[in-house]
Every structure is written in C-alpha cells, then in structure tokens.
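Working notes for the structure below.
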Amino acid sequence: MIQRFAVPVGAGAVSALLFALVAKGTPLAVALAYLAPLPLMIAAFGWGALGGLVAAAIAVAAAAVVFGPQGALAFAFAVALPAWLLPTFAVLPRYAPPWRRADPGAPARTPIGAVAAAAAALGAIAGLAGLATLILGSSGYEAGLQSLIDELTPVIDQTLADIVSLPEGVAARDIAEEIAKLAPLATATFGFLTLCLNLYLAARSTALSHRLPRPWPDLPSEFVLPRPLAVVAVLAIGAAIALPEPTDQFAWVFAGPLFAVYVLQGLATLHALSRGLPLRPLLLVALYGCCAVRPQWTLPLIAVVGLIDAAANLRARAASARRSKV
C-alpha cells in the first residue's frame, strides 16, 4: 500500500513545485511551470484513477501552503482537475457514449479523437473562465479590458525598451491592447495545446515503464475526432468572424481550441495519406517547415484538410484503396 501511493504523493509534490516556479517570472521558470500537469498525468496513467486523485490532492494542498486558498483553487481547476480527468478518461475500459453502450462493436478504450475533443472542451472552459474573470472582476468587459491594458503597458514598455525601438506611431499601449483582446482566445488555445503536450509526454513516459493500461495507438490512423464536432467547429469559427466585438470573444474561446484540434487531425491525415510515398520524409519536413515559416497560411489549410477528412473519411478510403491493390 505504501509503495502504491508513494509515487502519486511524490508526483503531487513535483507538480506543485513546477507550478510554484511561475512566481520567479523568468522564461525558463514559466516554461517549466507549463509542465505542472505532467507528473499528475503520469500518476493517473500508471497508478490508476485513485493514484492520480491522490497526486492531485497532494499538489493542491502544497499549492495552498505556497499561494494560499485562492492560488490553490486556481491550481485545482486550471491544472490538477484537467490533469486527472484526461488520462482517467483516456484509459476507460469498454468506452462508449450512452447511445452505443449496448453495441458490441464499441471501442475497448476511449478513442484518441474523443480524448482530444475533451481536451479542447477543457481549453474552452479555461478561456471562458478567463473571460468571465475579465468581465466580472471589473464590472464589464470594457472596464476589464482597460484594466488589463493598464497592467500590461508598463511591462511591455520595459521589456521592449532594451530590445527594440517601436515604429513611429506605435506605442506600448497599442501592443498591450491587442494582447489584451487576444487573451481569452490565447488562454483557450494554448491551454488546449499544453494539455495535449503533457498528455502525450505522460503517456509516452508511462508506456516506456510498461505501466500504460492500453496499447499505444497509431496516431496517424486513430486520431479521428467525433464527426458532430466538425459542425460545432464550423459554427464556432463562423460566429467568431461574424459577431461584433465584444460578443465575438465568447465564440473565439471555442473557435481557438476547435481550430487547433482540427489542425492536429489534418496533420494526422497528411501523415497517414503520405505513407508509402518514396519522398515521405522530405515531404513531412517541408510541411512542418511551412508551418514554422508561414503558419498564417499553412495551419488554416491543414485545418481544412482535417475538416474534409471528418466529412469524407479520407484515411479510411486511402487505406481501403491500398488493401485492394495488395
């Protein structure tokens, strides 16, 4: 019994320590703080739902000692709860939604696409929480936005002073205003991507120690999002573009994670479709090079590929065509 809970207790302590590094404010400390969910996810994957829950409880208790009750509450909802929910959901046996629970063909474990959709939902919730804090904390969106701009302006001014001089007509407050407007969208999208990265690293680490309670999936073929999610994604992105400010902020916190999750499905599709091509490694290097150099053009196109795959099932068709040639 002691051995069973020793690792989760240690994982909770490490998670709280990583989260506490954010107080230092250095780039390295902030980067390490984003890995705070990782030990909790490893505990949940390798030591079950109870082990993950013990790790999360220890981490929240440690955060309360360092940051007080409010900091512990923020840590619990932003880090500990998602870090326990996602891996627990990912290893559910005989997964099926309510309308398929009697279906003998239901998957034995939670599909990877369902896990990614859950992570996108958690990212959207984080964005909504940030937007609600902005609105309720200052009795209105505009007042909250101006308060955030006032906080960001001196930080940006001081940061840029020793690095670069701003062009004529551009002030630090202008940059702060753009960042403040993008804050809910960035919180939702980056929160989703951070959860996905930590989940992948945790699953890989647990698989290496042979404690992962499910076979390692073939991501290019198994990363398939639920089909109805494509309709939600299109509606959310359309509403975000069409609605006026500040109402569009509520749509953007859903559109951001959904756009990102369909980029991931698009990448999985392109990886699967390129299998067997003689120049596949070069093509993939070129693809990721375009993502790095021209993301504003490449990522939307990849997301469209993901949406087309959701509608036309491109990977299944390609796999069927390959099997018929054999």
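Residue numbering restarts at 1 in every chain; chains get A, B, ... in the order shown in the structure tokens, and ligands count up from 1 in that same order.
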message: Using only C-alpha atoms, which protein or nucleic acid residues come within 9 Å of Ala239 of chain A? Drop anything in the same chain fewer than 6 positions from it, and give the result as number ranges by chain.
response: A: 248, 251-252, 255
Dump as a tab-separated table the rows for residues of segment 32-58 of chain A within 12 Å of segment 201-220 of chain A: closest atom pair and distance in Å with one decimal, only C-alpha atoms counted, ordered by chain and rising residue number.
```
residue	atom	partner	partner_atom	distance
A:Leu35	CA	A:Leu201	CA	9.7
A:Ala36	CA	A:Ala202	CA	11.3
A:Pro37	CA	A:Ala202	CA	9.0
A:Leu38	CA	A:Ala202	CA	5.9
A:Pro39	CA	A:Ala202	CA	7.4
A:Leu40	CA	A:Ala202	CA	8.7
A:Met41	CA	A:Ala202	CA	5.8
A:Ile42	CA	A:Ala202	CA	4.9
A:Ala43	CA	A:Ala202	CA	8.7
A:Ala44	CA	A:Ala202	CA	9.2
A:Phe45	CA	A:Leu212	CA	6.0
A:Gly46	CA	A:Arg211	CA	5.0
A:Trp47	CA	A:Arg211	CA	7.9
A:Gly48	CA	A:Pro213	CA	8.7
A:Ala49	CA	A:Pro213	CA	11.5
```
Would you mind exporting the chosen residues as an mmCIF file, in the first residue's frame, restricted to N, CA and C atoms?
```cif
data_model
loop_
_atom_site.group_PDB
_atom_site.id
_atom_site.type_symbol
_atom_site.label_atom_id
_atom_site.label_comp_id
_atom_site.auth_asym_id
_atom_site.auth_seq_id
_atom_site.Cartn_x
_atom_site.Cartn_y
_atom_site.Cartn_z
ATOM 1 N N LEU A 35 4.659 22.548 -17.403
ATOM 2 C CA LEU A 35 4.754 21.091 -17.274
ATOM 3 C C LEU A 35 4.162 20.591 -15.948
ATOM 4 N N ALA A 36 3.516 21.481 -15.194
ATOM 5 C CA ALA A 36 2.938 21.073 -13.909
ATOM 6 C C ALA A 36 1.924 19.938 -14.032
ATOM 7 N N PRO A 37 1.123 19.841 -15.115
ATOM 8 C CA PRO A 37 0.194 18.701 -15.206
ATOM 9 C C PRO A 37 0.896 17.361 -15.441
ATOM 10 N N LEU A 38 2.146 17.388 -15.935
ATOM 11 C CA LEU A 38 2.806 16.162 -16.367
ATOM 12 C C LEU A 38 2.935 15.116 -15.261
ATOM 13 N N PRO A 39 3.463 15.437 -14.070
ATOM 14 C CA PRO A 39 3.560 14.393 -13.025
ATOM 15 C C PRO A 39 2.205 13.840 -12.613
ATOM 16 N N LEU A 40 1.175 14.699 -12.582
ATOM 17 C CA LEU A 40 -0.156 14.232 -12.200
ATOM 18 C C LEU A 40 -0.708 13.262 -13.247
ATOM 19 N N MET A 41 -0.457 13.553 -14.523
ATOM 20 C CA MET A 41 -0.932 12.667 -15.580
ATOM 21 C C MET A 41 -0.197 11.334 -15.556
ATOM 22 N N ILE A 42 1.114 11.368 -15.274
ATOM 23 C CA ILE A 42 1.866 10.117 -15.159
ATOM 24 C C ILE A 42 1.305 9.267 -14.021
ATOM 25 N N ALA A 43 0.980 9.909 -12.899
ATOM 26 C CA ALA A 43 0.403 9.180 -11.770
ATOM 27 C C ALA A 43 -0.943 8.575 -12.140
ATOM 28 N N ALA A 44 -1.768 9.326 -12.878
ATOM 29 C CA ALA A 44 -3.092 8.818 -13.257
ATOM 30 C C ALA A 44 -2.985 7.686 -14.271
ATOM 31 N N PHE A 45 -2.041 7.792 -15.218
ATOM 32 C CA PHE A 45 -1.855 6.718 -16.197
ATOM 33 C C PHE A 45 -1.301 5.451 -15.541
ATOM 34 N N GLY A 46 -0.243 5.624 -14.763
ATOM 35 C CA GLY A 46 0.469 4.463 -14.253
ATOM 36 C C GLY A 46 -0.083 3.877 -12.974
ATOM 37 N N TRP A 47 -0.761 4.695 -12.164
ATOM 38 C CA TRP A 47 -1.232 4.214 -10.862
ATOM 39 C C TRP A 47 -2.746 4.329 -10.723
ATOM 40 N N GLY A 48 -3.429 4.499 -11.843
ATOM 41 C CA GLY A 48 -4.878 4.461 -11.865
ATOM 42 C C GLY A 48 -5.535 5.759 -11.420
ATOM 43 N N ALA A 49 -6.859 5.779 -11.506
ATOM 44 C CA ALA A 49 -7.621 6.980 -11.161
ATOM 45 C C ALA A 49 -7.400 7.389 -9.706
#
```
- prompt: Which of segment 127-187 of chain A counts as helix (DSSP H, G or I) under DSSP, as a count of residues only please?
  reply: 47
field: Selected residue of minimal separation from Pro246 of chain A among A:Gly137, A:Pro184, A:Pro154, A:Pro281, counting only C-alpha atoms
entry: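 Closest to Pro246 of chain A, using only C-alpha atoms: A:Pro184.
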task: Skip Ala56 of chain A itself and residues of its chain fewer than 4 positions away, then list as a PyMOL selection string all residues within 8 Å of it, counting only C-alpha atoms.
output: chain A and resi 12+40+52+60+76+80-81+83-84
Distance in Å - atom CA of Gly123 of chain A versus atom CA of Val261 of chain A: 10.7 Å
message: Report, in Å to a single decimal, how far apart atom CA of Ala90 of chain A and atom CA of Val9 of chain A are.
response: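 Atom CA of Ala90 of chain A lies 21.6 Å from atom CA of Val9 of chain A.
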query: So which one's closest to Ala188 of chain A, A:Phe259, A:Phe67, A:Tyr288, A:Phe75? Using only C-alpha atoms, please.
result: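 Smallest separation from Ala188 of chain A among the options: A:Phe259.
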Shell of 9 Å around Ile58 of chain A, only C-alpha atoms, local chain residues under 6 positions omitted, as a PDB file with C-alpha atoms, in the first residue's frame:
```
ATOM      1  CA  PRO A   8       1.484   9.638  -6.558  1.00  0.00           C
ATOM      2  CA  VAL A   9       2.460  11.605  -3.425  1.00  0.00           C
ATOM      3  CA  GLY A  10       5.824  12.437  -4.985  1.00  0.00           C
ATOM      4  CA  ALA A  11       4.139  13.339  -8.284  1.00  0.00           C
ATOM      5  CA  GLY A  12       1.814  15.757  -6.486  1.00  0.00           C
ATOM      6  CA  ALA A  13       4.743  17.440  -4.736  1.00  0.00           C
ATOM      7  CA  ALA A  16       3.152  21.870  -7.076  1.00  0.00           C
TER       8      ALA A  16
END
```
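Residues surrounding Val224 of chain A within 8 Å are Pro111, Ile112, Gly113, Ala114, Gln265 and Ala310 of chain A [only C-alpha atoms; sequence separation below 6 positions excluded].
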A:Gln70, A:Ser221, A:Gln249, A:Gln296 ranked by distance to Leu273 of chain A, top pick (using only C-alpha atoms):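 Looking at the shortest contact to Leu273 of chain A, the residue is A:Ser221.
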message: Rounded to one decimal, what separation in Å do you get between atom CA of Leu145 of chain A and atom CA of Ala64 of chain A?
response: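 Separation of atom CA of Leu145 of chain A and atom CA of Ala64 of chain A: 28.8 Å.
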query: Of the candidates A:Ala180, A:Ile237, A:Ala286, A:Ala20, which shows the shortest atom-to-atom distance to Thr298 of chain A, using only C-alpha atoms?
result: A:Ala286
